[in-house]
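Visitor: One file is attached below, final29.cif, containing mmCIF, C-alpha atoms.
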data_model
loop_
_atom_site.label_atom_id
_atom_site.label_comp_id
_atom_site.auth_asym_id
_atom_site.auth_seq_id
_atom_site.Cartn_x
_atom_site.Cartn_y
_atom_site.Cartn_z
CA MET A 1219 28.88 2.00 -39.54
CA LEU A 1220 27.96 1.77 -35.86
CA SER A 1221 30.05 -0.45 -33.61
CA LYS A 1222 28.41 -3.23 -31.60
CA LYS A 1223 28.95 -1.32 -28.35
CA MET A 1224 27.30 1.77 -29.82
CA LEU A 1225 24.34 -0.32 -30.97
CA VAL A 1226 23.88 -1.69 -27.46
CA VAL A 1227 23.96 1.82 -25.98
CA VAL A 1228 21.51 3.18 -28.58
CA GLY A 1229 19.26 0.14 -28.06
CA ALA A 1230 19.32 0.62 -24.30
CA ILE A 1231 18.45 4.32 -24.63
CA LEU A 1232 15.60 3.53 -27.02
CA LEU A 1233 14.34 0.86 -24.64
CA ILE A 1234 14.42 3.26 -21.70
CA VAL A 1235 12.57 5.95 -23.65
CA ALA A 1236 9.95 3.45 -24.86
CA ASN A 1237 9.60 2.20 -21.30
CA LEU A 1238 9.10 5.72 -19.97
CA VAL A 1239 6.42 6.44 -22.57
CA ILE A 1240 4.57 3.20 -21.84
CA LEU A 1241 4.76 3.82 -18.09
CA TYR A 1242 3.56 7.38 -18.51
CA ILE A 1243 0.58 6.35 -20.65
CA ALA A 1244 -0.32 3.32 -18.52
CA GLY A 1245 0.19 5.27 -15.30
CA ASN A 1246 -2.10 8.09 -16.37
CA ARG A 1247 -4.78 5.69 -17.53
CA TYR A 1248 -4.57 3.83 -14.26
CA PRO A 1249 -7.52 3.06 -12.44
CA SER A 1250 -9.30 -0.01 -13.53
CA HIS A 1251 -8.31 -2.90 -15.73
CA GLY A 1252 -10.13 -6.17 -16.15
CA LEU A 1253 -6.85 -7.81 -15.26
CA GLY A 1254 -6.94 -6.07 -11.91
CA ARG A 1255 -10.13 -7.84 -11.06
CA VAL A 1256 -8.64 -11.17 -12.11
CA ALA A 1257 -5.69 -10.60 -9.78
CA LEU A 1258 -8.07 -9.66 -6.95
CA PHE A 1259 -10.19 -12.72 -7.75
CA LEU A 1260 -7.16 -15.05 -7.74
CA VAL A 1261 -5.03 -13.73 -4.90
CA ALA A 1262 -7.48 -12.09 -2.47
CA PRO A 1263 -9.09 -15.37 -1.27
CA PHE A 1264 -5.64 -16.61 -0.26
CA GLN A 1265 -4.93 -13.27 1.41
CA ASP A 1266 -8.23 -13.65 3.22
CA ALA A 1267 -7.32 -17.15 4.46
CA VAL A 1268 -3.85 -16.05 5.63
CA SER A 1269 -5.28 -12.94 7.35
CA VAL A 1270 -7.87 -15.04 9.18
CA ALA A 1271 -5.15 -17.46 10.30
CA ILE A 1272 -2.92 -14.59 11.49
CA ARG A 1273 -5.81 -12.93 13.32
CA PHE A 1274 -6.76 -16.24 14.97
CA SER A 1275 -3.17 -16.91 16.09
CA ARG A 1276 -2.73 -13.36 17.35
CA GLY A 1277 -6.06 -13.52 19.17
CA THR A 1278 -5.18 -16.81 20.84
CA TRP A 1279 -1.76 -15.52 21.86
CA ASP A 1280 -3.13 -12.23 23.17
CA ASN A 1281 -5.98 -13.90 25.04
CA TYR A 1282 -3.60 -16.19 26.86
CA PHE A 1283 -1.68 -13.26 28.29
CA VAL A 1284 -4.79 -11.20 28.83
CA LEU A 1285 -6.26 -13.91 31.07
CA VAL A 1286 -3.41 -13.48 33.52
CA SER A 1287 -4.36 -9.91 34.30
CA THR A 1288 -8.09 -10.26 33.73
CA ALA A 1289 -9.04 -10.72 37.38
CA ARG A 1290 -7.36 -7.49 38.48
CA GLN A 1291 -8.67 -5.66 35.49
CA ASN A 1292 -12.15 -7.00 36.17
CA ALA A 1293 -12.26 -5.51 39.65
CA ARG A 1294 -11.01 -2.18 38.34
CA LEU A 1295 -13.56 -2.19 35.54
CA LYS A 1296 -16.44 -2.94 37.92
CA GLU A 1297 -15.50 0.15 39.90
CA SER A 1298 -15.31 2.19 36.69
CA LEU A 1299 -18.66 0.82 35.60
CA LYS A 1300 -20.37 2.13 38.72
CA GLN A 1301 -19.07 5.61 37.98
CA ALA A 1302 -19.94 5.27 34.31
CA VAL A 1303 -23.55 4.34 35.10
CA ALA A 1304 -23.89 7.49 37.16
CA ARG A 1305 -22.40 9.61 34.38
CA ASN A 1306 -24.50 7.83 31.79
CA SER A 1307 -27.75 9.07 33.26
CA GLN A 1308 -26.46 12.64 32.96
CA TRP A 1309 -25.30 12.06 29.39
CA ARG A 1310 -28.63 10.59 28.44
CA GLU A 1311 -30.11 14.01 28.96
CA VAL A 1312 -27.42 15.56 26.80
CA GLU A 1313 -28.02 12.93 24.13
CA LEU A 1314 -31.73 13.67 24.01
CA SER A 1315 -31.09 17.35 23.51
CA ASN A 1316 -28.47 16.45 20.89
CA ILE A 1317 -31.04 14.38 18.99
CA ARG A 1318 -33.45 17.30 19.01
CA LEU A 1319 -30.76 19.64 17.74
CA ARG A 1320 -29.66 17.23 15.01
CA GLN A 1321 -33.21 16.96 13.77
CA LEU A 1322 -33.36 20.69 13.82
CA LEU A 1323 -30.24 20.95 11.69
CA ASP A 1324 -31.39 18.19 9.34
CA PHE A 1325 -28.19 16.24 10.01
CA LYS A 1326 -28.13 13.27 7.66
CA THR A 1327 -26.91 10.50 9.90
CA ALA A 1328 -28.59 7.96 7.61
CA MET A 1329 -25.73 8.42 5.19
CA ILE A 1330 -23.29 6.92 7.68
CA ASN A 1331 -25.75 4.22 8.70
CA GLN A 1332 -25.82 2.89 5.16
CA SER A 1333 -22.49 1.22 5.38
CA VAL A 1334 -20.88 -2.17 5.01
CA ALA A 1335 -18.29 -3.46 7.47
CA ALA A 1336 -15.28 -5.14 5.88
CA GLU A 1337 -12.11 -6.81 7.08
CA ILE A 1338 -8.70 -6.03 5.68
CA VAL A 1339 -7.20 -9.08 4.03
CA GLY A 1340 -4.14 -7.60 2.35
CA ARG A 1341 -2.02 -4.51 1.89
CA ASP A 1342 -0.08 -2.88 -0.88
CA PRO A 1343 3.03 -4.92 -1.73
CA SER A 1344 5.00 -1.69 -2.15
CA SER A 1345 6.05 0.59 0.68
CA TRP A 1346 5.87 3.51 -1.79
CA TYR A 1347 2.08 3.29 -2.26
CA GLN A 1348 -0.72 2.85 0.26
CA ALA A 1349 -3.64 0.55 -0.51
CA LEU A 1350 -5.66 -2.19 1.19
CA ILE A 1351 -7.62 -5.18 -0.01
CA ILE A 1352 -10.94 -5.67 1.82
CA ASN A 1353 -13.16 -8.75 1.85
CA LYS A 1354 -16.28 -7.09 0.46
CA GLY A 1355 -16.99 -6.52 -3.21
CA SER A 1356 -19.67 -5.72 -5.73
CA ALA A 1357 -21.83 -8.56 -4.34
CA ASP A 1358 -22.06 -6.55 -1.11
CA GLY A 1359 -22.93 -3.30 -2.83
CA ILE A 1360 -19.39 -1.91 -2.98
CA ARG A 1361 -18.64 0.35 -5.93
CA LYS A 1362 -15.68 2.35 -7.11
CA GLY A 1363 -15.40 5.74 -5.49
CA LEU A 1364 -17.17 4.90 -2.23
CA PRO A 1365 -15.65 6.39 0.92
CA VAL A 1366 -14.06 4.10 3.49
CA VAL A 1367 -14.13 5.18 7.12
CA VAL A 1368 -13.40 3.98 10.63
CA PRO A 1369 -14.68 5.41 13.94
CA GLU A 1370 -11.54 7.61 14.18
CA GLY A 1371 -12.16 9.21 10.79
CA ILE A 1372 -11.61 8.87 7.05
CA ALA A 1373 -9.49 5.91 5.92
CA GLY A 1374 -9.66 6.04 2.13
CA GLN A 1375 -11.64 5.40 -1.01
CA VAL A 1376 -12.55 2.29 -3.05
CA THR A 1377 -10.60 2.24 -6.31
CA ASP A 1378 -11.16 -1.24 -7.71
CA VAL A 1379 -13.85 -3.86 -7.11
CA SER A 1380 -14.23 -7.56 -7.85
CA THR A 1381 -17.21 -9.70 -6.85
CA HIS A 1382 -16.07 -10.37 -3.29
CA TYR A 1383 -13.06 -8.11 -2.79
CA ALA A 1384 -12.16 -4.48 -3.30
CA LYS A 1385 -9.05 -2.32 -3.34
CA VAL A 1386 -8.99 0.78 -1.16
CA MET A 1387 -6.62 3.71 -1.65
CA LEU A 1388 -5.74 5.19 1.75
CA ILE A 1389 -5.71 8.94 2.34
CA ILE A 1390 -1.96 8.70 3.05
CA ASP A 1391 -1.37 7.55 -0.53
CA ARG A 1392 0.13 10.34 -2.58
CA ASN A 1393 -2.58 9.97 -5.23
CA SER A 1394 -5.32 10.58 -2.69
CA ALA A 1395 -7.12 13.92 -2.41
CA VAL A 1396 -9.88 14.88 0.02
CA ASP A 1397 -11.63 18.24 0.06
CA ALA A 1398 -11.39 19.38 3.66
CA LEU A 1399 -11.79 22.32 5.98
CA MET A 1400 -10.43 23.43 9.29
CA GLN A 1401 -13.07 22.96 11.96
CA ARG A 1402 -12.24 26.15 13.89
CA THR A 1403 -11.69 28.71 11.14
CA ARG A 1404 -13.53 26.95 8.23
CA ALA A 1405 -10.45 27.48 6.03
CA ARG A 1406 -10.70 25.18 3.01
CA GLY A 1407 -8.06 23.09 1.29
CA ILE A 1408 -7.19 19.67 -0.10
CA ILE A 1409 -5.78 16.83 1.99
CA LYS A 1410 -3.05 15.00 0.07
CA GLY A 1411 -1.18 11.88 1.14
CA GLU A 1412 2.53 11.97 1.91
CA ALA A 1413 5.17 9.26 1.67
CA SER A 1414 5.84 9.60 5.40
CA GLY A 1415 2.39 8.28 6.34
CA ARG A 1416 1.22 11.81 7.12
CA CYS A 1417 -0.92 14.17 5.07
CA ARG A 1418 -0.55 17.68 3.76
CA PHE A 1419 -3.33 20.26 3.83
CA GLN A 1420 -2.76 22.01 0.52
CA TYR A 1421 -4.06 25.21 -1.03
CA VAL A 1422 -4.79 26.93 2.28
CA MET A 1423 -4.43 30.66 1.70
CA ARG A 1424 -1.59 32.34 3.54
CA LYS A 1425 -3.99 34.82 5.14
CA GLU A 1426 -5.90 32.00 6.90
CA GLU A 1427 -5.13 31.49 10.54
CA VAL A 1428 -3.88 27.94 11.13
CA ALA A 1429 -2.47 26.69 14.43
CA VAL A 1430 -0.93 23.42 15.58
CA GLY A 1431 -3.66 21.25 17.09
CA ASP A 1432 -6.45 22.50 14.83
CA LYS A 1433 -8.80 19.77 13.66
CA ILE A 1434 -9.38 19.04 9.99
CA VAL A 1435 -12.65 17.53 8.79
CA ALA A 1436 -14.09 16.58 5.39
CA SER A 1437 -15.89 19.46 3.68
CA GLY A 1438 -18.22 17.19 1.72
CA LEU A 1439 -17.62 19.29 -1.38
CA ASP A 1440 -15.76 16.54 -3.25
CA GLY A 1441 -18.98 14.54 -3.41
CA VAL A 1442 -17.21 11.51 -1.96
CA PHE A 1443 -16.68 11.91 1.78
CA PRO A 1444 -19.62 12.98 3.95
CA LYS A 1445 -19.21 16.41 5.50
CA GLY A 1446 -17.81 16.54 9.01
CA LEU A 1447 -15.91 13.25 9.02
CA ALA A 1448 -12.69 13.65 10.99
CA ILE A 1449 -9.36 13.54 9.19
CA GLY A 1450 -6.60 14.65 11.53
CA ASP A 1451 -4.82 17.32 13.56
CA VAL A 1452 -2.50 20.05 12.34
CA ILE A 1453 1.03 19.24 13.48
CA GLY A 1454 3.01 21.84 11.58
CA VAL A 1455 2.54 25.12 9.73
CA VAL A 1456 5.04 26.85 7.47
CA LYS A 1457 4.25 30.30 6.03
CA ARG A 1458 6.70 31.45 3.41
CA THR A 1459 6.64 35.13 2.53
CA SER A 1460 6.85 34.45 -1.21
CA GLU A 1461 4.05 31.87 -1.36
CA ILE A 1462 0.30 32.39 -1.77
CA PHE A 1463 -0.47 29.23 0.17
CA GLN A 1464 0.88 27.96 3.46
CA GLU A 1465 2.27 24.46 4.10
CA VAL A 1466 0.21 22.60 6.65
CA SER A 1467 1.18 19.11 7.88
CA ILE A 1468 -1.52 16.81 9.22
CA ALA A 1469 -1.32 13.74 11.47
CA PRO A 1470 -4.31 11.53 10.53
CA TYR A 1471 -6.46 10.24 13.39
CA VAL A 1472 -6.51 6.79 11.83
CA ASP A 1473 -3.63 4.50 12.73
CA PHE A 1474 -3.19 2.90 9.32
CA GLU A 1475 -0.68 0.33 10.54
CA LYS A 1476 -3.19 -1.14 12.98
CA LEU A 1477 -6.28 -1.05 10.78
CA GLU A 1478 -8.14 -4.37 10.78
CA GLU A 1479 -11.73 -3.46 9.94
CA VAL A 1480 -13.27 -0.59 8.02
CA LEU A 1481 -16.71 0.69 7.06
CA VAL A 1482 -17.56 1.38 3.43
CA VAL A 1483 -20.18 4.13 3.28
CA LEU A 1484 -22.76 3.27 0.64
CA ILE A 1485 -23.46 6.70 -0.75
CA PRO A 1486 -23.23 7.33 -4.47
CA PRO A 1487 -19.93 8.85 -5.60
CA ALA A 1488 -19.95 12.05 -7.61
CA PRO A 1489 -20.71 11.30 -11.29
CA ASP A 1490 -17.46 12.79 -12.58
CA PHE A 1491 -15.40 10.52 -10.31
CA ALA A 1492 -17.25 7.42 -11.50
CA GLU A 1493 -16.61 8.47 -15.09
CA ARG A 1494 -12.91 8.98 -14.44
CA GLN A 1495 -12.71 5.43 -13.13
CA MET B 604 7.19 -28.68 -13.39
CA THR B 605 9.55 -25.95 -12.40
CA TYR B 606 6.62 -23.59 -13.05
CA GLY B 607 4.88 -25.30 -10.14
CA PHE B 608 7.67 -24.02 -7.94
CA TYR B 609 7.34 -20.53 -9.43
CA ILE B 610 3.58 -20.48 -8.80
CA ILE B 611 3.88 -21.68 -5.20
CA ALA B 612 6.87 -19.47 -4.37
CA GLY B 613 5.39 -16.46 -6.18
CA VAL B 614 1.94 -16.66 -4.58
CA GLY B 615 3.52 -17.48 -1.21
CA LEU B 616 5.75 -14.42 -1.41
CA ILE B 617 2.86 -12.18 -2.48
CA LEU B 618 0.83 -13.39 0.50
CA PHE B 619 3.82 -12.93 2.81
CA GLN B 620 4.42 -9.44 1.46
CA THR B 621 0.78 -8.29 1.64
CA THR B 622 -0.52 -10.04 4.76
CA VAL B 623 2.32 -11.02 7.11
CA ILE B 624 4.87 -8.21 6.72
CA PRO B 625 2.43 -5.30 7.26
CA GLY B 626 1.60 -6.76 10.68
CA ILE B 627 5.23 -6.71 11.82
CA ALA B 628 6.38 -3.13 12.29
CA VAL B 629 10.12 -3.95 12.16
CA LEU B 630 9.77 -5.66 8.79
CA ASN B 631 7.68 -2.91 7.23
CA THR B 632 10.65 -1.22 5.63
CA LEU B 633 12.14 -4.50 4.43
CA PHE B 634 12.72 -4.87 0.70
CA ASP B 635 10.21 -6.33 -1.72
CA PHE B 636 10.37 -10.13 -1.39
CA ILE B 637 8.79 -10.66 -4.79
CA GLY B 638 11.53 -8.46 -6.25
CA LEU B 639 14.08 -10.61 -4.47
CA PHE B 640 12.61 -13.70 -6.09
CA VAL B 641 12.96 -11.95 -9.45
CA ILE B 642 16.62 -11.32 -8.60
CA TYR B 643 16.96 -15.04 -7.91
CA LEU B 644 15.38 -15.85 -11.26
CA GLY B 645 17.69 -13.41 -13.04
CA PHE B 646 20.72 -14.76 -11.23
CA TYR B 647 20.22 -18.49 -11.51
CA ARG B 648 17.53 -19.38 -14.05
CA PRO B 649 17.46 -19.37 -17.86
CA ALA B 650 15.70 -16.33 -19.32
CA ARG B 651 13.28 -18.33 -21.49
CA GLU B 652 12.08 -20.28 -18.47
CA ALA B 653 11.96 -17.40 -15.97
CA LEU B 654 10.58 -14.53 -18.06
CA PRO B 655 6.90 -15.65 -18.01
CA ALA B 656 7.13 -15.97 -14.23
CA VAL B 657 8.64 -12.48 -13.95
CA VAL B 658 5.87 -10.94 -16.08
CA ILE B 659 3.07 -12.74 -14.20
CA LEU B 660 4.51 -11.78 -10.82
CA GLY B 661 4.76 -8.18 -12.01
CA LEU B 662 1.19 -8.24 -13.23
CA LEU B 663 -0.13 -9.63 -9.94
CA ALA B 664 1.83 -7.11 -7.88
CA ASP B 665 0.71 -4.30 -10.20
CA ASN B 666 -2.92 -5.16 -9.66
CA LEU B 667 -2.70 -5.53 -5.91
CA SER B 668 -0.94 -2.21 -5.56
CA ARG B 669 -1.96 1.43 -5.98
CA ALA B 670 1.18 1.98 -8.06
CA PRO B 671 0.69 3.17 -11.67
CA PHE B 672 -0.24 0.20 -13.80
CA MET B 673 2.77 -1.60 -15.35
CA LEU B 674 5.21 -0.14 -12.85
CA TYR B 675 5.88 -3.52 -11.24
CA ILE B 676 6.21 -5.34 -14.57
CA THR B 677 8.65 -2.67 -15.72
CA ALA B 678 10.63 -2.74 -12.48
CA TYR B 679 10.84 -6.54 -12.41
CA LEU B 680 11.93 -6.77 -16.04
CA TRP B 681 14.69 -4.21 -15.51
CA VAL B 682 15.75 -5.99 -12.32
CA PHE B 683 15.75 -9.34 -14.10
CA PHE B 684 17.88 -8.16 -17.02
CA GLY B 685 20.04 -5.91 -14.83
CA VAL B 686 20.91 -8.83 -12.58
CA ARG B 687 21.71 -11.03 -15.58
CA VAL B 688 24.06 -8.44 -17.02
CA LEU B 689 25.68 -7.78 -13.65
CA SER B 690 26.20 -11.47 -12.95
CA GLN B 691 28.19 -11.67 -16.17
CA ILE B 692 30.21 -8.52 -15.52
CA VAL B 693 31.02 -8.91 -11.83
CA GLN B 694 33.92 -11.30 -11.20
CA VAL B 695 32.97 -14.67 -9.75
CA SER B 696 35.91 -14.47 -7.32
CA LEU B 697 34.65 -11.23 -5.77
CA ARG B 698 34.05 -11.76 -2.07
CA PHE B 699 30.61 -10.23 -1.72
CA ARG B 700 29.48 -10.91 -5.29
CA THR B 701 26.00 -12.22 -4.43
CA ALA B 702 25.41 -9.50 -1.83
CA PHE B 703 26.54 -6.87 -4.30
CA ILE B 704 24.31 -8.16 -7.10
CA VAL B 705 21.29 -8.51 -4.81
CA SER B 706 21.79 -4.96 -3.53
CA ALA B 707 22.14 -3.74 -7.11
CA GLY B 708 18.85 -5.47 -7.99
CA VAL B 709 17.07 -3.84 -5.06
CA LEU B 710 18.67 -0.52 -6.04
CA ILE B 711 17.37 -0.83 -9.63
CA GLU B 712 13.84 -1.59 -8.39
CA ASN B 713 13.86 1.32 -5.95
CA LEU B 714 15.25 3.72 -8.54
CA ILE B 715 12.39 2.85 -10.86
CA PHE B 716 9.91 3.41 -8.05
CA VAL B 717 11.49 6.73 -7.12
CA PHE B 718 11.35 7.74 -10.76
CA ALA B 719 7.64 6.87 -10.95
CA PHE B 720 7.03 8.49 -7.59
CA VAL B 721 8.61 11.79 -8.55
CA LEU B 722 7.86 12.12 -12.25
CA LEU B 723 4.72 10.13 -12.98
CA GLY B 724 2.58 11.02 -9.99
CA PRO B 725 0.56 14.15 -9.38
CA GLY B 726 1.87 17.03 -7.30
CA THR B 727 5.42 17.99 -6.55
CA HIS B 728 6.49 15.39 -4.07
CA SER B 729 10.03 15.33 -2.93
CA PRO B 730 11.70 11.92 -2.79
CA ALA B 731 13.28 12.97 0.53
CA ALA B 732 10.57 11.25 2.55
CA GLY B 733 11.42 7.95 0.90
CA THR B 734 15.17 8.28 1.24
CA ALA B 735 15.29 6.54 4.61
CA THR B 736 13.23 3.63 3.28
CA PHE B 737 15.52 3.48 0.27
CA ILE B 738 18.71 3.24 2.36
CA ILE B 739 17.23 0.77 4.86
CA GLN B 740 16.11 -1.50 2.04
CA LEU B 741 19.61 -1.49 0.53
CA ILE B 742 21.21 -2.41 3.85
CA TRP B 743 18.67 -5.18 4.42
CA ALA B 744 19.27 -6.42 0.88
CA PHE B 745 23.06 -6.51 1.38
CA VAL B 746 22.77 -8.42 4.66
CA LEU B 747 19.75 -10.67 4.15
CA GLY B 748 19.56 -10.85 0.37
CA PRO B 749 22.25 -13.48 -0.29
CA ILE B 750 20.84 -15.75 2.44
CA LEU B 751 17.34 -15.54 0.97
CA ILE B 752 18.60 -16.00 -2.58
CA LEU B 753 20.44 -19.17 -1.51
CA SER B 754 17.28 -20.29 0.32
CA PHE B 755 15.29 -19.88 -2.91
CA LYS B 756 17.95 -21.84 -4.75
CA SER B 757 17.98 -24.64 -2.25
CA ALA B 758 14.14 -24.74 -2.06
CA HIS B 759 14.05 -24.96 -5.84
CA GLY B 760 16.58 -27.80 -5.74
CA ILE B 761 14.50 -29.66 -3.17
CA TRP B 762 11.37 -29.10 -5.27
CA ASP B 763 13.05 -30.48 -8.38
CA ARG B 764 14.37 -33.51 -6.54
CA TRP B 765 10.99 -34.03 -4.89
CA ILE B 766 9.15 -34.23 -8.18
CA GLY B 767 11.85 -36.40 -9.72
CA GLN B 768 13.84 -33.91 -11.76
CA GLU B 769 17.42 -34.59 -10.81
CA GLY B 770 18.72 -32.11 -13.34
CA PHE B 771 18.25 -28.92 -11.34
CA GLY B 772 21.87 -27.98 -12.01
CA LYS B 773 21.47 -28.70 -15.72
CA SER B 774 18.81 -26.07 -16.21
CA GLU B 775 20.75 -23.41 -14.36
CA ALA B 776 21.90 -20.44 -16.35
CA LYS B 777 25.33 -20.66 -14.82
#
Using the file provided, produce a representation of the structure as structure tokens.
Guide:
Amino acid sequence: MLSKKMLVVVGAILLIVANLVILYIAGNRYPSHGLGRVALFLVAPFQDAVSVAIRFSRGTWDNYFVLVSTARQNARLKESLKQAVARNSQWREVELSNIRLRQLLDFKTAMINQSVAAEIVGRDPSSWYQALIINKGSADGIRKGLPVVVPEGIAGQVTDVSTHYAKVMLIIDRNSAVDALMQRTRARGIIKGEASGRCRFQYVMRKEEVAVGDKIVASGLDGVFPKGLAIGDVIGVVKRTSEIFQEVSIAPYVDFEKLEEVLVVLIPPAPDFAERQ
Amino acid sequence: MTYGFYIIAGVGLILFQTTVIPGIAVLNTLFDFIGLFVIYLGFYRPAREALPAVVILGLLADNLSRAPFMLYITAYLWVFFGVRVLSQIVQVSLRFRTAFIVSAGVLIENLIFVFAFVLLGPGTHSPAAGTATFIIQLIWAFVLGPILILSFKSAHGIWDRWIGQEGFGKSEAK
């Protein structure tokens, strides 16, 4: 006959095991649940309202202080503008030749032009995971799997969509993976998110030459992110004698803490990704 | 009508956690406020009354986060029951009883997240990167937790008095 204490211990162990199994199954099935859309539908409008209020207050506060130094800044900017106009005429020539060369290389800029601008209305409640809620959804053409970018580079990927809001997994989330290559040497690998807010360039062969400061861009081979989009700089390289691959740390160009607006690129995601979702 | 308080406090905390805190760099490593509310519910409220609120809060947080689905519900339920058990075990006369129990609640939540982070996710991530966050959250919880828990309690009392339920104390678990 089991004592009461023993029963409690056995019950607790059974509960923990059952919990682990449920978490494992639910975690692996993740991406989308109908319930997720309900939560986005219910909470995101409030997040939107609060974000707008915060942005308005911050803007008002900043503008007040900015006005104080505006006059001095204005004079300085006028001087800069004169120089910029002169430089601009030179760059115009460069731009024209660039356009000709792009046409020659069949560079598909249209892909980037087909995008939707969205504002960030909320962030992941956990500091262990990295996601954003944006104020554009299926009504605006957003679909699961679409890449999310900012002028500095790749920000993330849409993982869940409701009518007017969507959830975006950032590239610094540990579940994120972007097929990438090193701009200088064309060495290929996968960019994975790290808990520290940095990224890791994985599966780069040990024989490849990688140096601190090298730029990493999207390879386009994952069928999600357009080729050539910037990701970040190499900030550390570790080559272990016993390993096939080297460890490469990346500092993303995007400052994820200060993100306020993003662009969702409206290109179709790879079919296998859409199926996985 | 106590559920009215849970809805307002819960949604308010979710908004605070997802919109206000990310904009303040210093507070970014602060503990999960929704989790703290769950600790309050486990500490002061009857299980039958608080459990639906705990599950709904977990579900909302789960769906706003990139965490594996059900991680928040799991974490909040363990925190809720852990706090209840601890509040019965730990002596009432202990000087830092509330601080200790709040820290323990935050510890339980973080342990579950670390577990999910290390074992359930892809790749071979080391929890080392999250260790600093883990420790900072515990310190914050020890210092700020009791104050916030008492604030929840007093806000709940005000709410109950405001809507004409004088028996706030009567429905308390202890």
Visitor: Kindly determine which residues of chain A lie within 8 Å of chain B, considering only C-alpha atoms, and give the answer as a tab-separated table (two decimals) with C-alpha atoms, in the frame of the given file.
Guide:
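Produced file part.tsv, reproduced below:
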chain	number	residue	atom	x	y	z
A	1237	ASN	CA	9.60	2.20	-21.30
A	1241	LEU	CA	4.76	3.82	-18.09
A	1242	TYR	CA	3.56	7.38	-18.51
A	1244	ALA	CA	-0.32	3.32	-18.52
A	1245	GLY	CA	0.19	5.27	-15.30
A	1246	ASN	CA	-2.10	8.09	-16.37
A	1248	TYR	CA	-4.57	3.83	-14.26
A	1249	PRO	CA	-7.52	3.06	-12.44
A	1253	LEU	CA	-6.85	-7.81	-15.26
A	1254	GLY	CA	-6.94	-6.07	-11.91
A	1255	ARG	CA	-10.13	-7.84	-11.06
A	1257	ALA	CA	-5.69	-10.60	-9.78
A	1258	LEU	CA	-8.07	-9.66	-6.95
A	1261	VAL	CA	-5.03	-13.73	-4.90
A	1264	PHE	CA	-5.64	-16.61	-0.26
A	1265	GLN	CA	-4.93	-13.27	1.41
A	1268	VAL	CA	-3.85	-16.05	5.63
A	1269	SER	CA	-5.28	-12.94	7.35
A	1272	ILE	CA	-2.92	-14.59	11.49
A	1339	VAL	CA	-7.20	-9.08	4.03
A	1340	GLY	CA	-4.14	-7.60	2.35
A	1341	ARG	CA	-2.02	-4.51	1.89
A	1342	ASP	CA	-0.08	-2.88	-0.88
A	1343	PRO	CA	3.03	-4.92	-1.73
A	1344	SER	CA	5.00	-1.69	-2.15
A	1345	SER	CA	6.05	0.59	0.68
A	1346	TRP	CA	5.87	3.51	-1.79
A	1347	TYR	CA	2.08	3.29	-2.26
A	1348	GLN	CA	-0.72	2.85	0.26
A	1349	ALA	CA	-3.64	0.55	-0.51
A	1351	ILE	CA	-7.62	-5.18	-0.01
A	1385	LYS	CA	-9.05	-2.32	-3.34
A	1387	MET	CA	-6.62	3.71	-1.65
A	1392	ARG	CA	0.13	10.34	-2.58
A	1393	ASN	CA	-2.58	9.97	-5.23
A	1412	GLU	CA	2.53	11.97	1.91
A	1413	ALA	CA	5.17	9.26	1.67
A	1414	SER	CA	5.84	9.60	5.40
A	1475	GLU	CA	-0.68	0.33	10.54
A	1476	LYS	CA	-3.19	-1.14	12.98
Visitor: Please provide as a PyMOL selection string all residues within 10 Å of range 607-613 of chain B, with the sequence filter that same-chain residues fewer than 6 positions apart are discarded (counting only C-alpha atoms).
Guide: chain B and resi 619+636-637+640-641+644+653+655-657+659-660+663+755+758-760+762-763
Visitor: How far is it from CA of Val1456 in chain A to CA of Gly1438 in chain A, in Å with one decimal?
Guide: 25.8 Å
Visitor: Figure out the distance between CA of Leu714 in chain B and CA of Ile1243 in chain A, please, to one decimal in Å.
Guide: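 Computing the Euclidean distance for CA of Ile1243 in chain A and CA of Leu714 in chain B yields 19.2 Å.
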Visitor: Any idea what the distance is between CA of Glu1465 in chain A and CA of Val1366 in chain A?
Guide: 26.1 Å
Visitor: What would the list of residues within 12 Å of (-13.0, 20.0, 14.9) (file frame) look like as an MDAnalysis selection string, if all atoms listed in the file are what count?
Guide: chainID A and resid 1371 1398:1405 1431:1437 1445:1452 1471
Visitor: Go through the shown structure with the PyMOL selection byres ((chain A and resi 1356) around 9) and write out the matching residues as a list of chain:residue names.
Guide: A:Lys1354, A:Gly1355, A:Ala1357, A:Asp1358, A:Gly1359, A:Ile1360, A:Arg1361, A:Val1379, A:Ser1380, A:Thr1381, A:His1382, A:Tyr1383, A:Ala1384
Visitor: I need the residue nearest Tyr606 in chain B from this list: B:Gly638, B:Phe683, B:Phe699, B:Glu652. Use only C-alpha atoms for the distance.
Guide: B:Glu652
Visitor: Enumerate, as a list in words, the residues matched when the PyMOL selection byres ((chain A and resi 1482) around 7) is run on the file above.
Guide: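 Residues picked by the PyMOL selection byres ((chain A and resi 1482) around 7): Ser1333, Val1334, Ala1335, Leu1364, Pro1365, Val1366, Val1367, Val1480, Leu1481, Val1483 and Leu1484 of chain A.
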